[in-house]
>>> print(open('input.txt').read())   # compact mmCIF, N, CA and C atoms
# COMPACT_ATOMS: atom_id res chain seq x y z
N CYS A 1 -43.38 -63.07 12.36
CA CYS A 1 -42.75 -62.99 11.07
C CYS A 1 -43.75 -62.44 10.06
N LEU A 2 -43.31 -61.58 9.23
CA LEU A 2 -44.13 -60.97 8.20
C LEU A 2 -44.24 -61.93 7.03
N GLU A 3 -45.43 -62.27 6.64
CA GLU A 3 -45.61 -63.14 5.49
C GLU A 3 -46.61 -62.52 4.52
N ILE A 4 -46.09 -62.00 3.44
CA ILE A 4 -46.88 -61.46 2.34
C ILE A 4 -46.32 -62.12 1.10
N GLY A 5 -47.18 -62.57 0.21
CA GLY A 5 -46.71 -63.27 -0.99
C GLY A 5 -45.55 -62.56 -1.66
N GLY A 6 -44.41 -63.23 -1.80
CA GLY A 6 -43.25 -62.65 -2.46
C GLY A 6 -42.40 -61.75 -1.58
N ALA A 7 -42.75 -61.58 -0.31
CA ALA A 7 -42.00 -60.71 0.59
C ALA A 7 -41.50 -61.52 1.77
N SER A 8 -40.42 -61.09 2.34
CA SER A 8 -39.84 -61.75 3.51
C SER A 8 -39.36 -60.70 4.48
N SER A 9 -39.14 -61.11 5.71
CA SER A 9 -38.60 -60.19 6.71
C SER A 9 -37.27 -60.71 7.21
N PHE A 10 -36.52 -59.83 7.81
CA PHE A 10 -35.28 -60.24 8.46
C PHE A 10 -35.05 -59.31 9.62
N GLY A 11 -34.21 -59.70 10.53
CA GLY A 11 -33.92 -58.85 11.68
C GLY A 11 -32.58 -59.19 12.28
N ALA A 12 -32.00 -58.23 12.93
CA ALA A 12 -30.76 -58.37 13.67
C ALA A 12 -30.81 -57.30 14.75
N PRO A 13 -30.01 -57.41 15.78
CA PRO A 13 -30.07 -56.38 16.82
C PRO A 13 -29.91 -54.98 16.22
N GLY A 14 -30.91 -54.15 16.40
CA GLY A 14 -30.88 -52.79 15.89
C GLY A 14 -31.25 -52.65 14.43
N LEU A 15 -31.61 -53.73 13.78
CA LEU A 15 -31.93 -53.68 12.36
C LEU A 15 -33.15 -54.54 12.09
N VAL A 16 -34.13 -53.96 11.44
CA VAL A 16 -35.32 -54.69 11.03
C VAL A 16 -35.56 -54.35 9.57
N GLY A 17 -35.93 -55.33 8.78
CA GLY A 17 -36.15 -55.03 7.38
C GLY A 17 -37.12 -55.97 6.73
N VAL A 18 -37.60 -55.54 5.61
CA VAL A 18 -38.43 -56.37 4.74
C VAL A 18 -37.93 -56.19 3.32
N TYR A 19 -38.13 -57.19 2.51
CA TYR A 19 -37.76 -57.06 1.11
C TYR A 19 -38.73 -57.86 0.27
N ALA A 20 -38.81 -57.50 -1.00
CA ALA A 20 -39.72 -58.18 -1.91
C ALA A 20 -39.13 -58.19 -3.30
N ALA A 21 -39.44 -59.22 -4.06
CA ALA A 21 -39.10 -59.29 -5.48
C ALA A 21 -40.42 -59.28 -6.23
N LEU A 22 -40.56 -58.35 -7.16
CA LEU A 22 -41.86 -58.15 -7.78
C LEU A 22 -41.73 -57.49 -9.14
N PRO A 23 -42.79 -57.59 -9.94
CA PRO A 23 -42.80 -56.85 -11.21
C PRO A 23 -42.84 -55.35 -10.91
N SER A 24 -42.14 -54.56 -11.70
CA SER A 24 -42.03 -53.13 -11.41
C SER A 24 -43.38 -52.42 -11.39
N ALA A 25 -44.34 -52.89 -12.12
CA ALA A 25 -45.65 -52.23 -12.17
C ALA A 25 -46.37 -52.27 -10.83
N THR A 26 -46.03 -53.23 -9.97
CA THR A 26 -46.71 -53.36 -8.68
C THR A 26 -45.91 -52.77 -7.52
N ALA A 27 -44.81 -52.09 -7.83
CA ALA A 27 -43.92 -51.59 -6.77
C ALA A 27 -44.63 -50.65 -5.80
N SER A 28 -45.41 -49.75 -6.29
CA SER A 28 -46.09 -48.79 -5.42
C SER A 28 -47.08 -49.50 -4.49
N THR A 29 -47.85 -50.43 -5.03
CA THR A 29 -48.82 -51.17 -4.21
C THR A 29 -48.12 -52.01 -3.16
N VAL A 30 -47.06 -52.69 -3.53
CA VAL A 30 -46.32 -53.52 -2.58
C VAL A 30 -45.66 -52.66 -1.51
N ALA A 31 -45.15 -51.49 -1.89
CA ALA A 31 -44.57 -50.58 -0.89
C ALA A 31 -45.63 -50.16 0.12
N ASP A 32 -46.85 -49.91 -0.34
CA ASP A 32 -47.95 -49.57 0.57
C ASP A 32 -48.26 -50.71 1.53
N VAL A 33 -48.35 -51.93 0.98
CA VAL A 33 -48.66 -53.10 1.80
C VAL A 33 -47.56 -53.37 2.82
N LEU A 34 -46.31 -53.32 2.39
CA LEU A 34 -45.19 -53.57 3.31
C LEU A 34 -45.13 -52.49 4.39
N SER A 35 -45.33 -51.23 4.01
CA SER A 35 -45.32 -50.15 5.00
C SER A 35 -46.43 -50.33 6.03
N SER A 36 -47.60 -50.69 5.57
CA SER A 36 -48.72 -50.92 6.50
C SER A 36 -48.42 -52.07 7.45
N ALA A 37 -47.85 -53.14 6.91
CA ALA A 37 -47.55 -54.31 7.73
C ALA A 37 -46.47 -54.00 8.76
N VAL A 38 -45.46 -53.26 8.37
CA VAL A 38 -44.34 -52.98 9.27
C VAL A 38 -44.72 -51.96 10.34
N THR A 39 -45.60 -51.04 10.04
CA THR A 39 -45.93 -49.99 11.01
C THR A 39 -47.08 -50.35 11.94
N ALA A 40 -47.74 -51.46 11.72
CA ALA A 40 -48.85 -51.87 12.59
C ALA A 40 -48.32 -52.73 13.74
N ILE A 41 -48.53 -52.28 14.97
CA ILE A 41 -48.10 -53.06 16.13
C ILE A 41 -48.94 -54.34 16.17
N PRO A 42 -48.30 -55.50 16.26
CA PRO A 42 -49.06 -56.76 16.23
C PRO A 42 -49.96 -56.94 17.45
N SER A 43 -51.02 -57.67 17.24
CA SER A 43 -51.96 -57.96 18.33
C SER A 43 -51.33 -58.95 19.31
N SER A 44 -51.95 -59.08 20.46
CA SER A 44 -51.47 -60.02 21.49
C SER A 44 -51.43 -61.45 20.96
N ASP A 45 -52.45 -61.82 20.16
CA ASP A 45 -52.49 -63.17 19.60
C ASP A 45 -51.30 -63.41 18.67
N VAL A 46 -50.98 -62.44 17.85
CA VAL A 46 -49.85 -62.57 16.93
C VAL A 46 -48.54 -62.65 17.72
N ILE A 47 -48.42 -61.85 18.75
CA ILE A 47 -47.20 -61.87 19.58
C ILE A 47 -47.05 -63.24 20.24
N GLU A 48 -48.11 -63.78 20.80
CA GLU A 48 -48.03 -65.08 21.46
C GLU A 48 -47.68 -66.18 20.47
N ARG A 49 -48.25 -66.12 19.28
CA ARG A 49 -47.93 -67.12 18.25
C ARG A 49 -46.47 -67.01 17.82
N ALA A 50 -46.00 -65.77 17.62
CA ALA A 50 -44.61 -65.56 17.23
C ALA A 50 -43.65 -66.06 18.31
N LYS A 51 -43.98 -65.79 19.57
CA LYS A 51 -43.14 -66.27 20.67
C LYS A 51 -43.09 -67.79 20.68
N ALA A 52 -44.24 -68.43 20.50
CA ALA A 52 -44.28 -69.90 20.51
C ALA A 52 -43.46 -70.48 19.37
N LEU A 53 -43.58 -69.90 18.18
CA LEU A 53 -42.83 -70.40 17.03
C LEU A 53 -41.33 -70.16 17.19
N ALA A 54 -40.96 -68.98 17.67
CA ALA A 54 -39.54 -68.69 17.88
C ALA A 54 -38.94 -69.57 18.97
N LYS A 55 -39.71 -69.76 20.03
CA LYS A 55 -39.24 -70.62 21.14
C LYS A 55 -39.05 -72.05 20.65
N ALA A 56 -40.01 -72.55 19.90
CA ALA A 56 -39.90 -73.92 19.38
C ALA A 56 -38.69 -74.05 18.46
N ASP A 57 -38.49 -73.06 17.60
CA ASP A 57 -37.35 -73.09 16.69
C ASP A 57 -36.04 -73.10 17.46
N ALA A 58 -35.95 -72.26 18.49
CA ALA A 58 -34.71 -72.19 19.29
C ALA A 58 -34.47 -73.47 20.08
N VAL A 59 -35.52 -74.02 20.68
CA VAL A 59 -35.36 -75.24 21.47
C VAL A 59 -35.04 -76.42 20.57
N PHE A 60 -35.71 -76.52 19.42
CA PHE A 60 -35.43 -77.62 18.50
C PHE A 60 -34.01 -77.51 17.95
N ALA A 61 -33.49 -76.30 17.83
CA ALA A 61 -32.12 -76.13 17.36
C ALA A 61 -31.12 -76.75 18.32
N LEU A 62 -31.48 -76.78 19.62
CA LEU A 62 -30.60 -77.41 20.61
C LEU A 62 -30.51 -78.92 20.42
N ASP A 63 -31.48 -79.48 19.73
CA ASP A 63 -31.54 -80.92 19.52
C ASP A 63 -30.80 -81.34 18.25
N GLY A 64 -30.08 -80.41 17.64
CA GLY A 64 -29.34 -80.72 16.42
C GLY A 64 -28.05 -81.45 16.73
N ASP A 65 -27.12 -81.32 15.84
CA ASP A 65 -25.83 -81.98 16.04
C ASP A 65 -25.00 -81.24 17.09
N SER A 66 -23.85 -81.77 17.41
CA SER A 66 -23.03 -81.20 18.48
C SER A 66 -22.54 -79.80 18.13
N GLN A 67 -22.32 -79.53 16.86
CA GLN A 67 -21.87 -78.20 16.46
C GLN A 67 -22.97 -77.16 16.71
N THR A 68 -24.21 -77.51 16.43
CA THR A 68 -25.33 -76.62 16.66
C THR A 68 -25.49 -76.35 18.15
N LEU A 69 -25.39 -77.38 18.96
CA LEU A 69 -25.51 -77.23 20.41
C LEU A 69 -24.37 -76.37 20.95
N ALA A 70 -23.16 -76.62 20.49
CA ALA A 70 -22.00 -75.83 20.94
C ALA A 70 -22.17 -74.37 20.56
N SER A 71 -22.68 -74.11 19.38
CA SER A 71 -22.92 -72.74 18.93
C SER A 71 -23.96 -72.06 19.79
N ALA A 72 -25.05 -72.76 20.12
CA ALA A 72 -26.09 -72.20 20.97
C ALA A 72 -25.57 -71.93 22.37
N MET A 73 -24.76 -72.86 22.89
CA MET A 73 -24.19 -72.67 24.22
C MET A 73 -23.25 -71.47 24.25
N ALA A 74 -22.41 -71.35 23.24
CA ALA A 74 -21.47 -70.23 23.17
C ALA A 74 -22.22 -68.90 23.05
N ALA A 75 -23.25 -68.86 22.24
CA ALA A 75 -24.04 -67.63 22.09
C ALA A 75 -24.68 -67.24 23.41
N SER A 76 -25.20 -68.22 24.14
CA SER A 76 -25.83 -67.95 25.43
C SER A 76 -24.82 -67.43 26.44
N VAL A 77 -23.66 -68.04 26.48
CA VAL A 77 -22.62 -67.60 27.42
C VAL A 77 -22.14 -66.20 27.07
N LEU A 78 -21.97 -65.92 25.79
CA LEU A 78 -21.52 -64.58 25.38
C LEU A 78 -22.57 -63.52 25.69
N GLU A 79 -23.84 -63.89 25.56
CA GLU A 79 -24.91 -62.92 25.78
C GLU A 79 -25.21 -62.70 27.26
N SER A 80 -25.26 -63.79 28.03
CA SER A 80 -25.71 -63.65 29.42
C SER A 80 -24.68 -64.08 30.46
N GLY A 81 -23.60 -64.69 30.03
CA GLY A 81 -22.59 -65.15 30.97
C GLY A 81 -22.82 -66.56 31.49
N THR A 82 -23.96 -67.16 31.16
CA THR A 82 -24.26 -68.52 31.60
C THR A 82 -24.98 -69.27 30.49
N TYR A 83 -25.07 -70.58 30.70
CA TYR A 83 -25.90 -71.41 29.81
C TYR A 83 -26.88 -72.15 30.68
N GLY A 84 -28.16 -71.85 30.52
CA GLY A 84 -29.18 -72.45 31.37
C GLY A 84 -29.94 -73.58 30.73
N GLY A 85 -29.60 -73.96 29.52
CA GLY A 85 -30.27 -75.07 28.86
C GLY A 85 -31.60 -74.67 28.25
N ALA A 86 -32.33 -75.68 27.85
CA ALA A 86 -33.60 -75.46 27.15
C ALA A 86 -34.63 -74.74 28.01
N ALA A 87 -34.66 -75.04 29.32
CA ALA A 87 -35.64 -74.41 30.20
C ALA A 87 -35.40 -72.90 30.28
N ALA A 88 -34.15 -72.49 30.42
CA ALA A 88 -33.83 -71.06 30.50
C ALA A 88 -34.10 -70.37 29.16
N LEU A 89 -33.81 -71.08 28.09
CA LEU A 89 -34.08 -70.54 26.76
C LEU A 89 -35.57 -70.31 26.56
N ALA A 90 -36.37 -71.30 26.93
CA ALA A 90 -37.83 -71.17 26.81
C ALA A 90 -38.34 -70.04 27.70
N ALA A 91 -37.80 -69.92 28.90
CA ALA A 91 -38.23 -68.86 29.82
C ALA A 91 -37.91 -67.48 29.26
N SER A 92 -36.80 -67.36 28.54
CA SER A 92 -36.45 -66.06 27.98
C SER A 92 -37.47 -65.62 26.93
N TYR A 93 -37.99 -66.55 26.16
CA TYR A 93 -39.05 -66.22 25.20
C TYR A 93 -40.36 -65.93 25.91
N ASP A 94 -40.66 -66.69 26.94
CA ASP A 94 -41.90 -66.49 27.69
C ASP A 94 -41.93 -65.13 28.38
N SER A 95 -40.77 -64.58 28.70
CA SER A 95 -40.72 -63.31 29.43
C SER A 95 -41.02 -62.09 28.55
N ILE A 96 -41.05 -62.27 27.25
CA ILE A 96 -41.35 -61.15 26.35
C ILE A 96 -42.83 -60.81 26.47
N THR A 97 -43.13 -59.53 26.69
CA THR A 97 -44.52 -59.09 26.86
C THR A 97 -44.97 -58.27 25.66
N ALA A 98 -46.27 -58.08 25.58
CA ALA A 98 -46.83 -57.22 24.52
C ALA A 98 -46.30 -55.80 24.68
N ALA A 99 -46.07 -55.36 25.91
CA ALA A 99 -45.52 -54.02 26.15
C ALA A 99 -44.08 -53.92 25.61
N ASP A 100 -43.30 -55.02 25.74
CA ASP A 100 -41.94 -55.04 25.19
C ASP A 100 -41.98 -54.87 23.67
N VAL A 101 -42.89 -55.58 23.04
CA VAL A 101 -43.01 -55.52 21.58
C VAL A 101 -43.48 -54.13 21.16
N ALA A 102 -44.46 -53.57 21.86
CA ALA A 102 -44.95 -52.22 21.54
C ALA A 102 -43.83 -51.20 21.68
N ALA A 103 -43.01 -51.33 22.72
CA ALA A 103 -41.89 -50.41 22.91
C ALA A 103 -40.87 -50.54 21.78
N ALA A 104 -40.61 -51.76 21.34
CA ALA A 104 -39.68 -51.98 20.23
C ALA A 104 -40.23 -51.37 18.94
N TYR A 105 -41.53 -51.54 18.70
CA TYR A 105 -42.14 -50.94 17.52
C TYR A 105 -42.08 -49.42 17.57
N THR A 106 -42.35 -48.86 18.73
CA THR A 106 -42.30 -47.41 18.88
C THR A 106 -40.90 -46.89 18.57
N ALA A 107 -39.88 -47.56 19.10
CA ALA A 107 -38.50 -47.17 18.84
C ALA A 107 -38.16 -47.32 17.36
N MET A 108 -38.62 -48.41 16.76
CA MET A 108 -38.34 -48.64 15.35
C MET A 108 -38.96 -47.56 14.48
N LEU A 109 -40.19 -47.17 14.80
CA LEU A 109 -40.88 -46.20 13.98
C LEU A 109 -40.30 -44.80 14.12
N LYS A 110 -39.51 -44.55 15.16
CA LYS A 110 -38.86 -43.26 15.32
C LYS A 110 -37.59 -43.15 14.48
N SER A 111 -37.08 -44.29 14.03
CA SER A 111 -35.85 -44.27 13.23
C SER A 111 -36.18 -43.99 11.77
N LYS A 112 -35.18 -43.52 11.05
CA LYS A 112 -35.37 -43.23 9.63
C LYS A 112 -35.14 -44.50 8.83
N PRO A 113 -36.09 -44.85 7.99
CA PRO A 113 -35.92 -46.08 7.21
C PRO A 113 -34.96 -45.87 6.04
N SER A 114 -34.35 -46.96 5.63
CA SER A 114 -33.55 -46.97 4.41
C SER A 114 -34.35 -47.70 3.35
N MET A 115 -34.03 -47.43 2.12
CA MET A 115 -34.77 -48.06 1.04
C MET A 115 -33.83 -48.26 -0.14
N ALA A 116 -33.99 -49.37 -0.83
CA ALA A 116 -33.20 -49.65 -2.02
C ALA A 116 -34.09 -50.31 -3.04
N ALA A 117 -33.79 -50.08 -4.30
CA ALA A 117 -34.53 -50.72 -5.38
C ALA A 117 -33.54 -51.05 -6.50
N VAL A 118 -33.76 -52.17 -7.13
CA VAL A 118 -32.90 -52.61 -8.23
C VAL A 118 -33.79 -52.91 -9.41
N GLY A 119 -33.35 -52.53 -10.59
CA GLY A 119 -34.13 -52.82 -11.80
C GLY A 119 -34.91 -51.60 -12.24
N ASP A 120 -36.04 -51.84 -12.87
CA ASP A 120 -36.90 -50.77 -13.35
C ASP A 120 -37.59 -50.12 -12.15
N ILE A 121 -37.16 -48.93 -11.79
CA ILE A 121 -37.68 -48.27 -10.59
C ILE A 121 -38.70 -47.18 -10.89
N ALA A 122 -39.24 -47.18 -12.09
CA ALA A 122 -40.19 -46.14 -12.49
C ALA A 122 -41.41 -46.07 -11.57
N SER A 123 -41.86 -47.20 -11.06
CA SER A 123 -43.06 -47.22 -10.21
C SER A 123 -42.75 -47.25 -8.72
N VAL A 124 -41.49 -47.25 -8.35
CA VAL A 124 -41.12 -47.29 -6.94
C VAL A 124 -41.36 -45.90 -6.34
N PRO A 125 -42.08 -45.83 -5.21
CA PRO A 125 -42.31 -44.52 -4.60
C PRO A 125 -41.00 -43.91 -4.10
N TYR A 126 -40.98 -42.58 -4.02
CA TYR A 126 -39.81 -41.89 -3.51
C TYR A 126 -39.58 -42.25 -2.04
N HIS A 127 -38.32 -42.20 -1.64
CA HIS A 127 -37.96 -42.52 -0.26
C HIS A 127 -38.75 -41.66 0.73
N ALA A 128 -38.88 -40.38 0.45
CA ALA A 128 -39.59 -39.47 1.37
C ALA A 128 -41.05 -39.90 1.55
N THR A 129 -41.65 -40.43 0.51
CA THR A 129 -43.03 -40.90 0.60
C THR A 129 -43.12 -42.08 1.56
N VAL A 130 -42.22 -43.00 1.44
CA VAL A 130 -42.21 -44.17 2.33
C VAL A 130 -41.81 -43.74 3.75
N ALA A 131 -40.79 -42.90 3.86
CA ALA A 131 -40.31 -42.47 5.18
C ALA A 131 -41.37 -41.71 5.96
N SER A 132 -42.25 -41.00 5.28
CA SER A 132 -43.28 -40.23 5.97
C SER A 132 -44.26 -41.14 6.73
N ARG A 133 -44.32 -42.38 6.37
CA ARG A 133 -45.21 -43.33 7.06
C ARG A 133 -44.65 -43.78 8.41
N PHE A 134 -43.39 -43.48 8.65
CA PHE A 134 -42.71 -43.93 9.87
C PHE A 134 -42.59 -42.83 10.92
N SER A 135 -43.17 -41.68 10.69
CA SER A 135 -43.00 -40.59 11.66
C SER A 135 -44.25 -40.38 12.48
>>> encode(input="input.txt", output="structure tokens")
Amino acid sequence: CLEIGGASSFGAPGLVGVYAALPSATASTVADVLSSAVTAIPSSDVIERAKALAKADAVFALDGDSQTLASAMAASVLESGTYGGAAALAASYDSITAADVAAAYTAMLKSKPSMAAVGDIASVPYHATVASRFS
């Protein structure tokens, strides 16, 4: 997970993004920092930590109420056709390799980024300037 003061990340299949709320005077600097963070392939240590945190979050979610468990079971069945429980869920996170993450980053960096700004955009860099960092 990307953690920069005032910035957050989000993701969905085929979609990765970051956003920040900031004073307009710092827009260019923050765009530089976010671009650098998003385009740098994470180290093995960061990948292992992220896997452990995501795995813990997913497994602990199974320990919630019955609605949470039913939702997790349904998602698993829809995705893989079976529900293997906490052990299978943990194994799916363990199977992610640094090469998998590098391949995902490579694919992401080949796509054209989108950009939006709201408010005083005088200091926001042009889209082409930001997009050039992804090629």
>>> closest_residue(input="input.txt", among="A:Ala20, A:Ser36, A:Ala70, A:Ile41", to="A:Arg133", atoms="only N, CA and C atoms")
A:Ser36
>>> residues_around(input="input.txt", residues="stretch 88-94 of chain A", least_positions_apart="3", cutoff="6.5 Å", atoms="only N, CA and C atoms", output="JSON, numbers by chain")
{"A": [51, 55, 84, 85, 97]}
>>> closest_residue(input="input.txt", among="A:Met73, A:Ala86, A:Leu78, A:Ala116", to="A:Val18", atoms="only C-alpha atoms")
A:Ala116
>>> atom_distance(input="input.txt", atom1="atom N of A:Thr82", atom2="atom CA of A:Ala50")
25.0 Å
>>> select_by_dssp(input="input.txt", residues="chain A", states="helix (DSSP H, G or I)", output="JSON, numbers by chain")
{"A": [24, 25, 26, 27, 28, 29, 30, 31, 32, 33, 34, 35, 36, 37, 38, 39, 44, 45, 46, 47, 48, 49, 50, 51, 52, 53, 54, 55, 56, 57, 58, 59, 60, 61, 62, 66, 67, 68, 69, 70, 71, 72, 73, 74, 75, 76, 77, 78, 79, 80, 85, 86, 87, 88, 89, 90, 91, 92, 93, 94, 98, 99, 100, 101, 102, 103, 104, 105, 106, 107, 108, 109, 110, 127, 128, 129, 130, 131, 132, 133, 134]}
>>> axis_aligned_box(input="input.txt", around="stretch 113-119 of chain A", padding_each_side="3 Å", output="lines of an AutoDock Vina configuration file")
center_x = -34.5
center_y = -48.9
center_z = -2.1
size_x = 9.2
size_y = 14.1
size_z = 26.2
>>> closest_residue(input="input.txt", among="A:Val101, A:Val38, A:Ile96, A:Ile47", to="A:Val16", atoms="only C-alpha atoms")
A:Val38
>>> closest_residue(input="input.txt", among="A:Thr129, A:Ser80, A:Ala104, A:Ser114", to="A:Pro42", atoms="only C-alpha atoms")
A:Ala104
>>> closest_residue(input="input.txt", among="A:Tyr105, A:Arg49, A:Pro23, A:Tyr83", to="A:Ala37", atoms="only C-alpha atoms")
A:Tyr105
>>> closest_residue(input="input.txt", among="A:Asp100, A:Ser24, A:Met115, A:Phe60", to="A:Ser44", atoms="only C-alpha atoms")
A:Asp100
>>> decode(input="input.txt", residues="stretch 112-123 of chain A", atoms="N, CA, C and O atoms", output="compact mmCIF listing (two decimals), in the first residue's frame")
# COMPACT_ATOMS: atom_id res chain seq x y z
N LYS A 112 -1.85 3.96 -20.43
CA LYS A 112 -1.88 5.42 -20.36
C LYS A 112 -2.61 5.83 -19.09
O LYS A 112 -3.72 5.39 -18.84
N PRO A 113 -1.98 6.67 -18.29
CA PRO A 113 -2.63 7.09 -17.04
C PRO A 113 -3.72 8.13 -17.30
O PRO A 113 -3.69 8.85 -18.29
N SER A 114 -4.67 8.16 -16.40
CA SER A 114 -5.68 9.21 -16.39
C SER A 114 -5.35 10.15 -15.25
O SER A 114 -4.67 9.77 -14.30
N MET A 115 -5.83 11.35 -15.35
CA MET A 115 -5.52 12.33 -14.31
C MET A 115 -6.70 13.28 -14.18
O MET A 115 -7.32 13.64 -15.17
N ALA A 116 -6.99 13.67 -12.96
CA ALA A 116 -8.06 14.63 -12.70
C ALA A 116 -7.61 15.57 -11.60
O ALA A 116 -6.82 15.20 -10.74
N ALA A 117 -8.09 16.79 -11.65
CA ALA A 117 -7.79 17.76 -10.61
C ALA A 117 -9.03 18.62 -10.39
O ALA A 117 -9.77 18.92 -11.33
N VAL A 118 -9.26 18.96 -9.15
CA VAL A 118 -10.42 19.78 -8.78
C VAL A 118 -9.90 20.96 -7.99
O VAL A 118 -9.02 20.82 -7.15
N GLY A 119 -10.45 22.12 -8.24
CA GLY A 119 -10.05 23.31 -7.49
C GLY A 119 -9.07 24.16 -8.28
O GLY A 119 -9.09 24.18 -9.52
N ASP A 120 -8.21 24.85 -7.58
CA ASP A 120 -7.21 25.70 -8.21
C ASP A 120 -6.14 24.81 -8.83
O ASP A 120 -5.32 24.21 -8.15
N ILE A 121 -6.14 24.71 -10.15
CA ILE A 121 -5.24 23.80 -10.85
C ILE A 121 -4.04 24.51 -11.47
O ILE A 121 -3.33 23.93 -12.28
N ALA A 122 -3.77 25.73 -11.06
CA ALA A 122 -2.68 26.50 -11.66
C ALA A 122 -1.33 25.80 -11.52
O ALA A 122 -0.48 25.91 -12.41
N SER A 123 -1.11 25.09 -10.44
CA SER A 123 0.19 24.44 -10.22
C SER A 123 0.20 22.96 -10.59
O SER A 123 1.22 22.30 -10.44
